[in-house]
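Novice: To start, I am sharing the structure in question, which I have written as C-alpha cells.
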Amino acid sequence: MKVAIDGIGVVGGFGCGLSDMAAALAGGRSRAELFSMATLQGEIRVPMLTADTSALAGLVDRRSLRRTDHHTRMALLGCQTALSDAGITDSLTDSLGIIVATGYGSTCNTFDFQELCTEGDIRGFSPIQFSNSVHNAAGAHIAAFLKTRGPNLSINQFDLSIPLAFLTAEHWLAEERVERVLVGGVDDFARITAFHRQCRFPEDTPSDSCPIPAAVGEGSVFFLLSRKADRPSRYGVIQEVSTGSGHGPLPKIASEDICFIGADGLSSGEAGYGRWVSGPAAVYGHLYGNLPVGMGFDIAVAALSLQEGKIYPSTAGGVPLPEGPELILEPRVLETDRIQCLKLGGAGGYGRVVLAKE
Amino acid sequence: MKPAAPVAVTGIGCLCSAGLTLNACLDFLFRGERFPVLPSRFPADPDPGYPVFEVAEGFWIPDRFRSVPRSRTVRLALTAAHEAVADAKLDRGFLKRKRVGVCIGSNVAGSVSNPELFGKTGICDSDYPTPADRFSASNPAVGLAREFELSGPLETVVTACSAGTDAIGLAASWIRMGLCDMVLTGGADELYEITYNGFISLMNSDDSACKPFDADRKGLNLGEGAALFILESEAVLQERGATPRGWVLGYGTAGDAFHLTTPDPDGKGLHLAVRDALASIGVSPSALAFINAHGTGTPDNDRIESRLFDALFPGVPFLSTKGFTGHTLGAAGAVEAAFTLGCLEQGRIPPSAGFTHPDPELPASPVSRTTPVKGHAALSQTLAFGGNNAALLLGTKKVGE
C-alpha cells in the first residue's frame, strides 16, 4: 500500500515551516549558538541549534498553553504547521491517528523535576511537571488540542524512533484503523544532551578553523499521511519503510538511488554509512543538528525535493561528512523517481524510509 | 476497520510481586493473598507511608543469560522472556535464524529521569560515559535483542500505563503484515522513586492496600514486573508444528482528548478502544468469558470502567488484579494479558482483591470470590496518563473453533 504525504510541519534551529527550511537549505547556513554549562570538570561550551515556538501563540489560544512545556509546544507547532500545510482548517474526526516519536522525551522538564527528588524535597514535586515528564505527554496534548479521539501512540527508540513511527502509520492506514495519521517526532535541547555531546567529542570544541562544530539540535517534524487516493499527492508517497536491529542482513541500497544519510556528526551509527551507501548521497545534519528524531527532517527534505524536482547540496556546517558515498555538494536536478532516507542507530540498528513520485 | 486475523501466542512469561513465573502468579492470585510493603530500594517517608508491590529479590539468575544488564527493568524483561521462550519450546538458534522483532511497553526505561542516569553530569564512568549512554543501556527492546540476537524491528512503546497493551496490539500487526516471523512482546517496568513520589503528588496513591471498585477506594499502589509473549506467524507455527497457547484476537486503541491526568468522565475514548478490539474479529460482548479491568483503585478510573461494563457488558464477570500486584505501569497491560490467558485456560477467575464494599455510585461491581467462567475469549483493558485507552481481546481458541 502506498501512503500519501498531504502536509508537512517542521520546527527547528532553521525556523518554522518548509519555506524557512528551504531557505536554510539553499543558503547552507547554520546559526548554531554556544551554550555554556557548569560541570564537575569545569565549564563546557556546546554548540546548539534551538527552536523558537513563539509562532504557536498565533495558532492556538495562548491560555491553553499554560500547562505545556517547550517539548510539547514544539510538537504542537509542528502538528499545526503540518495541518495548515495540508489545508486543513476545520475540526478533525476520530479517524485521525497521532504518532509521536521521541528519543529522550521531555528532557528539560524531567531534569528540573528530578533535581527535587535528588534533594529529597518531594513536597516540591509539581503534579503538572510530573505529568509533563511522562513520555506520552506531547501526544496527549496534541490530541486534546485537536479534539481527536483516534489512536494515539508514543514511541521511544532513540535514533530509530522515526522509522518505527512511519511503520505503525502505514499499518494503521492499511488496517483501515484510521483515515489519516499525523506522524512525527520531537526532541528538546537539554543539559543531558549537551553533556553527552561534550563527553563523546571533547576535542570537538569551537576553534578559529571551525567556529561552530556539529551542534546539538532540537525541534519537531510532523507529516499528515493518508492512504493513497486518486487525487494527486503533494509530496509524493511513502513507498517503503523498513527497520531492524542489525543482528540480521541489512537491506540493499541500489547504487542508482539517491540516499539521504542521517549523519549529523555525533550519532552513534556514523561510521557505518560508508559500508552501505556507494551511490549519490546527501547529508543535511547542519540543518537540524544532532537529535534522535533527526531522520524526520531528512524525510521532509526528501519530500520537498520530490515536489520541487531538485536536490539541495549537502552542507558540512561543522558536520564531518562520511567517507564512502558520492556526496552531492552542488544543487542538481532530481533525475530519479525516488529518494531513500537512511538512519543508522547504535548497535548496528537501521531505519529506512523510501519516498517516491507517484 | 478491516477484520483482523488472530495471531498465535505460543509462549508466556510473567513475574511480579505475586510470583516469579506465570503459574506461581496464578497460584498466588487464587490463594487470595497480597503483601504490599513500604518501598525497600529507595527512601520513602513512612508518615504517611504508601505501600508498593515489589518483586522479590533474587529474581535475577545471571547464569541463564549471556548479557549482564545493570538496568532492573531489563533484568525483569529478560527473566520474563526466558520463561516465555522456554514455554514456547524455542531455542536461541531458531530465534536467531528467523526474523524476530521486539515490541515492548515501558515507562521507566523510556525515561531520562531514571535515578541511575541522573545527578552525575560531571562524572564519566568507564562503561557508560554519560547519562544518555546509561539511558540507552536501559532500553528493554535493545536488551532483549542483544541477549537473543534478534534481527527484527525493536520498539519501546511509551504510552504510560497502556504501553504493555499497545505493544502487544502493535506486535500482532507486525505478524499480520508479514513484517516478522515472530515477535517478543509485552511490557516491563521497575519501581522507582520518581513515579512513586509523582503519584503521591497527584494524590492518586492509597496509604493502605489498594481497593479497586470498593466504596472505600482511595487510590493505587505501585508495583513492578514484566510479562513477555511469543507471537508467531502461521508459517512458523506450521514449520515448528507448535500448538498455540492462545490468540490475540483483537486490539483497539483510542485517546480521550480530554486531560493529561484525568480520564474523560464519559469514557468515550475507552468505548472506542473496546469497540475496535471487539470489531476487529466480530466477537459479540455477550460472548466474553470475563473482563480483566484496569481497576487501579482511583475513584475516577473505576467509575468510568464500571459504567462501561454496565452499558456494554451486562452480566459479564470482571475483576481487577491490581490488588494483588499493584499498578505495574508500562508492564500492567502485559502482566494482565498474561493473567487473562492463564485464567481462560483454568476456566476461572480469582476474587478482585481489595473489593469488599460495593460502591452505590458504581452500576457494576467486580467478583468477590473465585468464579468459574465459560467461554474462550476475554477482554483485558488499560487506561493511561494522557488519556490513552487500549483493549486486547484474547482467546484460547480462534473464533469459530
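In the C-alpha cells, the first chain shown is A, the next is B, and so on; residue numbers restart at 1 for each chain, and ligands run from 1 in the order shown.
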So which residues touch Ala384 in chain B within 8 Å, counting only C-alpha atoms, skipping near sequence neighbours fewer than 3 positions away, as a ChimeraX atom specification?
Specialist: /B:159-162,387-389
Novice: Could you make a table, as CSV, of the residues of chain A that have an atom within 7 Å of an atom of chain B, each with its nearest atom pair and distance in Å to one decimal, counting only C-alpha atoms, in chain and number order?
Specialist:
```
residue,atom,partner,partner_atom,distance
A:Thr39,CA,B:Gly122,CA,5.0
A:Leu40,CA,B:Gly122,CA,4.3
A:Gln41,CA,B:Gly122,CA,5.9
A:Tyr104,CA,B:Val112,CA,6.4
A:Thr107,CA,B:Val112,CA,6.6
A:Thr110,CA,B:Ser113,CA,5.9
A:Phe111,CA,B:Ser113,CA,6.6
A:Gln114,CA,B:Ser113,CA,6.2
A:Ile122,CA,B:Asn197,CA,6.5
A:Phe125,CA,B:Ser201,CA,6.2
A:Ser126,CA,B:Ser201,CA,6.7
A:Pro127,CA,B:Leu202,CA,5.3
A:Phe130,CA,B:Gly198,CA,5.8
A:Ser131,CA,B:Leu260,CA,6.9
A:Val134,CA,B:Ala160,CA,6.9
A:His135,CA,B:Val158,CA,6.0
A:Asn136,CA,B:Thr159,CA,5.3
A:Ala137,CA,B:Gly386,CA,5.9
A:Ala140,CA,B:Gly386,CA,4.6
A:Ala143,CA,B:Ala257,CA,4.9
A:Ala144,CA,B:Ala257,CA,3.9
A:Lys147,CA,B:Ala257,CA,5.3
A:Thr148,CA,B:Ala257,CA,5.9
A:Arg149,CA,B:Gly255,CA,4.5
A:Gly150,CA,B:Ala254,CA,4.9
A:Pro151,CA,B:Ala254,CA,4.2
A:Asn152,CA,B:Gly255,CA,5.8
A:Leu153,CA,B:Thr159,CA,6.2
A:Ser154,CA,B:Val158,CA,5.4
A:Ile155,CA,B:Val157,CA,4.8
A:Asn156,CA,B:Thr156,CA,5.5
A:Gln157,CA,B:Thr156,CA,5.8
A:Glu175,CA,B:Lys2,CA,5.5
A:Glu176,CA,B:Met1,CA,4.8
A:Arg177,CA,B:Met1,CA,4.9
A:Ile192,CA,B:Ala132,CA,6.7
A:Phe195,CA,B:Thr121,CA,6.9
A:His196,CA,B:Thr130,CA,5.5
A:Cys199,CA,B:Thr130,CA,6.8
A:Thr243,CA,B:Pro153,CA,5.4
A:Gly244,CA,B:Pro153,CA,4.3
A:Ser245,CA,B:Ser151,CA,5.0
A:Gly246,CA,B:Ser151,CA,6.0
A:His247,CA,B:Ser151,CA,4.6
A:Gly248,CA,B:Ser151,CA,4.6
```
Novice: Would you mind telling me which residue in B:Glu147, B:Val7, B:Ser352, B:Gly347 lies nearest to Asp181 in chain B when using only C-alpha atoms?
Specialist: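 Among B:Glu147, B:Val7, B:Ser352, B:Gly347, it is B:Val7 that comes nearest to Asp181 in chain B.
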Novice: Would you list the contacts of Ala229 in chain A as a PDB file with C-alpha atoms, in the first residue's frame, taking every protein, DNA or RNA residue within 9 Å and counting only C-alpha atoms, but skipping same-chain residues closer than 4 positions in sequence?
Specialist:
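Below you can see part.pdb, which holds the result:
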```pdb
ATOM      1  CA  VAL A   3       0.883   6.221   1.668  1.00  0.00           C
ATOM      2  CA  ALA A   4       0.430   9.814   0.539  1.00  0.00           C
ATOM      3  CA  SER A 233      -0.271  13.710  -3.591  1.00  0.00           C
TER       4      SER A 233
END
```
Novice: Taking only C-alpha atoms into account, name the residue in B:Gly241, B:Pro350, B:Pro366, B:Gly395 that is nearest to Phe318 in chain B.
Specialist: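 The closest residue to Phe318 in chain B is B:Pro366.
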Novice: For the structure I just gave you, how does DSSP split range 34-195 of chain B - specifically, which residues are alpha helix (DSSP H)? Reply as a ChimeraX atom specification.
Specialist: /B:72-87,92-97,131-137,140-148,163-176,193-195
Novice: Just the residues within 6 Å of range 326-337 of chain B, please, counting only C-alpha atoms, with nothing from its chain fewer than 3 positions along; format it as a ChimeraX atom specification.
Specialist: /B:53,105-107,160-165,186-189,221-224,226-227,322-323,340,380
Novice: Write the selection just made, keeping C-alpha atoms, as a PDB file, in the first residue's frame?
Specialist:
```pdb
ATOM      1  CA  PHE B  53       4.275  -4.373  45.466  1.00  0.00           C
ATOM      2  CA  GLY B 105       5.958  -1.237  26.654  1.00  0.00           C
ATOM      3  CA  SER B 106       7.725   0.589  29.456  1.00  0.00           C
ATOM      4  CA  ASN B 107       7.794   3.804  31.429  1.00  0.00           C
ATOM      5  CA  ALA B 160       2.311   5.284  30.018  1.00  0.00           C
ATOM      6  CA  CYS B 161       0.014   2.753  31.706  1.00  0.00           C
ATOM      7  CA  SER B 162      -1.368   1.356  28.430  1.00  0.00           C
ATOM      8  CA  ALA B 163       2.098   0.722  26.948  1.00  0.00           C
ATOM      9  CA  GLY B 164       2.070  -3.047  27.528  1.00  0.00           C
ATOM     10  CA  THR B 165      -1.356  -3.426  25.914  1.00  0.00           C
ATOM     11  CA  GLY B 186       4.851  -7.340  26.321  1.00  0.00           C
ATOM     12  CA  GLY B 187       5.874  -4.850  28.969  1.00  0.00           C
ATOM     13  CA  ALA B 188       8.371  -4.265  31.762  1.00  0.00           C
ATOM     14  CA  ASP B 189       8.770  -1.646  34.469  1.00  0.00           C
ATOM     15  CA  ASN B 221      -0.439   1.169  44.969  1.00  0.00           C
ATOM     16  CA  LEU B 222       2.501   0.991  42.589  1.00  0.00           C
ATOM     17  CA  GLY B 223       4.076  -2.299  41.590  1.00  0.00           C
ATOM     18  CA  GLU B 224       6.722  -3.651  39.261  1.00  0.00           C
ATOM     19  CA  ALA B 226       7.234  -7.837  33.397  1.00  0.00           C
ATOM     20  CA  ALA B 227       5.327 -10.114  31.069  1.00  0.00           C
ATOM     21  CA  LYS B 322      -4.006  -4.759  40.737  1.00  0.00           C
ATOM     22  CA  GLY B 323      -4.977  -5.556  44.302  1.00  0.00           C
ATOM     23  CA  THR B 340      -6.219 -13.176  31.310  1.00  0.00           C
ATOM     24  CA  SER B 380      -8.078  -7.009  29.025  1.00  0.00           C
TER      25      SER B 380
END
```
Novice: For Thr243 in chain B, work out the shell of residues within 10 Å, counting only C-alpha atoms and skipping chain neighbours fewer than 6 positions away, then give it as JSON, numbers by chain.
Specialist: {"B": [8, 9, 10, 11, 88, 237]}
Novice: I'd like the neighbourhood of range 46-52 of chain A as a PyMOL selection string, where a residue qualifies if any of its atoms comes within 9 Å (using only C-alpha atoms), though same-chain residues fewer than 5 positions away should be ignored.
Specialist: chain A and resi 11-16+30-37+74+188-189+194-195+197-198+205-206+212-220+287-290
Novice: Find the residues near range 67-69 of chain B: any atom within 9 Å, counting only C-alpha atoms, skip ones fewer than 5 places away on the same chain, and give them as an MDAnalysis selection string.
Specialist: chainID B and resid 62 74:75 137:138 143 146:147
Novice: Mind pulling up the distance from CA of Arg245 in chain B to CA of His376 in chain B?
Specialist: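 Answer for the CA of His376 in chain B to CA of Arg245 in chain B separation: 11.8 Å.
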Novice: In Å, how far is it from CA of Lys228 in chain A to CA of Leu167 in chain A?
Specialist: 15.5 Å
Novice: Step one, run DSSP on the backbone; step two, keep only residues of range 29-162 of chain A assigned to strand (DSSP E); then write them as a list in words.
Specialist: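 Filtering range 29-162 of chain A to strand (DSSP E) leaves Glu33, Leu34, Phe35, Ser36, Met37, Ala38, Thr39, Gly42, Glu43, Ile44, Arg45, Val46, Pro47, Met48, Leu49, Leu96, Gly97, Ile98, Ile99, Val100, Ala101, Asn152, Leu153, Ser154 and Ile155 of chain A.
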Novice: Please produce an output containing N, CA, C and O atoms for each residue in the selection, written as a CSV table (one decimal), in the first residue's frame.
Specialist:
```
chain,number,residue,atom,x,y,z
A,33,GLU,N,24.4,28.4,18.2
A,33,GLU,CA,25.0,29.3,19.2
A,33,GLU,C,25.7,28.4,20.2
A,33,GLU,O,25.5,27.2,20.2
A,34,LEU,N,26.5,29.0,21.1
A,34,LEU,CA,27.2,28.2,22.1
A,34,LEU,C,26.4,28.3,23.4
A,34,LEU,O,26.0,29.4,23.9
A,35,PHE,N,26.3,27.1,24.0
A,35,PHE,CA,25.6,27.0,25.3
A,35,PHE,C,26.6,26.7,26.4
A,35,PHE,O,27.4,25.8,26.2
A,36,SER,N,26.7,27.5,27.4
A,36,SER,CA,27.6,27.3,28.5
A,36,SER,C,27.0,26.6,29.6
A,36,SER,O,25.8,26.8,30.0
A,37,MET,N,27.8,25.6,30.2
A,37,MET,CA,27.2,24.8,31.2
A,37,MET,C,28.3,24.4,32.2
A,37,MET,O,29.4,24.0,31.8
A,38,ALA,N,28.0,24.5,33.5
A,38,ALA,CA,29.0,24.1,34.5
A,38,ALA,C,28.9,22.6,34.8
A,38,ALA,O,27.8,22.1,34.9
A,39,THR,N,30.0,22.0,34.8
A,39,THR,CA,30.1,20.6,35.2
A,39,THR,C,31.1,20.4,36.3
A,39,THR,O,31.9,21.3,36.6
A,42,GLY,N,34.4,21.4,35.2
A,42,GLY,CA,34.6,22.8,34.7
A,42,GLY,C,33.5,23.2,33.7
A,42,GLY,O,32.7,22.4,33.3
A,43,GLU,N,33.6,24.4,33.3
A,43,GLU,CA,32.6,24.9,32.3
A,43,GLU,C,32.9,24.3,30.9
A,43,GLU,O,34.0,24.2,30.5
A,44,ILE,N,31.8,23.9,30.3
A,44,ILE,CA,31.9,23.5,28.9
A,44,ILE,C,31.0,24.4,28.0
A,44,ILE,O,30.1,25.0,28.5
A,45,ARG,N,31.4,24.5,26.8
A,45,ARG,CA,30.6,25.3,25.8
A,45,ARG,C,30.2,24.3,24.7
A,45,ARG,O,31.1,23.7,24.0
A,46,VAL,N,28.9,24.3,24.4
A,46,VAL,CA,28.4,23.3,23.5
A,46,VAL,C,27.6,24.0,22.4
A,46,VAL,O,26.7,24.8,22.7
A,47,PRO,N,27.9,23.7,21.1
A,47,PRO,CA,27.1,24.3,20.0
A,47,PRO,C,25.7,23.8,20.1
A,47,PRO,O,25.5,22.6,20.2
A,48,MET,N,24.7,24.7,19.9
A,48,MET,CA,23.3,24.2,19.9
A,48,MET,C,22.5,24.9,18.9
A,48,MET,O,22.8,26.1,18.5
A,49,LEU,N,21.5,24.2,18.4
A,49,LEU,CA,20.5,24.8,17.5
A,49,LEU,C,19.2,24.7,18.2
A,49,LEU,O,18.7,23.5,18.4
A,96,LEU,N,-8.5,10.3,12.8
A,96,LEU,CA,-7.1,10.7,12.7
A,96,LEU,C,-6.3,10.0,13.8
A,96,LEU,O,-6.7,10.1,15.0
A,97,GLY,N,-5.3,9.4,13.4
A,97,GLY,CA,-4.3,8.8,14.4
A,97,GLY,C,-3.2,9.8,14.7
A,97,GLY,O,-2.8,10.6,13.8
A,98,ILE,N,-2.6,9.7,15.8
A,98,ILE,CA,-1.5,10.5,16.2
A,98,ILE,C,-0.3,9.6,16.7
A,98,ILE,O,-0.5,8.7,17.5
A,99,ILE,N,0.9,9.8,16.1
A,99,ILE,CA,2.0,9.0,16.5
A,99,ILE,C,3.2,10.0,16.7
A,99,ILE,O,3.6,10.7,15.8
A,100,VAL,N,3.7,9.9,18.0
A,100,VAL,CA,4.8,10.8,18.3
A,100,VAL,C,6.0,10.0,18.7
A,100,VAL,O,6.0,9.1,19.6
A,101,ALA,N,7.1,10.2,17.9
A,101,ALA,CA,8.4,9.6,18.2
A,101,ALA,C,9.3,10.6,19.0
A,101,ALA,O,9.2,11.8,18.8
A,152,ASN,N,-3.6,6.9,19.6
A,152,ASN,CA,-2.6,7.9,20.0
A,152,ASN,C,-1.4,7.1,20.5
A,152,ASN,O,-1.5,6.5,21.6
A,153,LEU,N,-0.3,7.1,19.8
A,153,LEU,CA,0.9,6.3,20.2
A,153,LEU,C,2.1,7.1,20.4
A,153,LEU,O,2.4,8.1,19.6
A,154,SER,N,2.9,6.8,21.4
A,154,SER,CA,4.2,7.4,21.6
A,154,SER,C,5.3,6.3,21.6
A,154,SER,O,5.1,5.3,22.2
A,155,ILE,N,6.4,6.6,20.9
A,155,ILE,CA,7.5,5.6,20.7
A,155,ILE,C,8.8,6.2,21.1
A,155,ILE,O,9.0,7.4,20.9
```
Novice: Quote the spacing between CA of Cys25 in chain B and CA of Phe339 in chain B in Å to one decimal place.
Specialist: 8.2 Å
